[in-house]
Amino acid sequence: MEYSESFHPKFKSDLKKIDKSVAKEIKEKHLDIILENPLASDTLKGKLSHLRSYHFQKNGTQYRISYEILEDDKIVFHYMVATRENFYKKLENRI
């Protein structure tokens, strides 16, 4: 399945808030991994059950990328990227 990607308006500002090397790795590696197999990541629970969360670690810090699969349009819509700390609380506020 071929998916295209779309981003929440605040996604770019999220990338600016994290370390530049991590942001570069996200753009060059992790977003492609998600696009290749968007169903591989964890499905969230509760109010966020329509979203998925991709996890990775860099330099001892855990990061999350949240996204939704819009199956009808074959789009992966990225909502947020940040460190794990308070990630889901911030995500709830964004949605």
# chains A, B, ... in the order shown; residues from 1 in each chain; ligands from 1
call {"tool": "select_by_dssp", "arguments": {"residues": "chain A", "states": "alpha helix (DSSP H)", "output": "PyMOL selection string"}}
result
chain A and resi 11-17+20-25+31-36+87-94
call {"tool": "residues_around", "arguments": {"residues": "segment 28-40 of chain A", "least_positions_apart": "3", "cutoff": "10 Å", "atoms": "only C-alpha atoms", "output": "JSON, numbers by chain"}}
result
{"A": [1, 2, 3, 4, 5, 22, 23, 24, 25, 43, 52, 53, 54, 55, 56, 65, 67, 68, 69, 75, 76, 78]}
call {"tool": "residues_around", "arguments": {"residues": "Asn93 of chain A", "least_positions_apart": "6", "cutoff": "12 Å", "atoms": "only C-alpha atoms", "output": "VMD selection string"}}
result
chain A and resid 47 to 48 79 to 80 86 to 87
call {"tool": "atom_distance", "arguments": {"atom1": "atom CA of Asp19 of chain A", "atom2": "atom CA of Lys45 of chain A"}}
result
28.6 Å
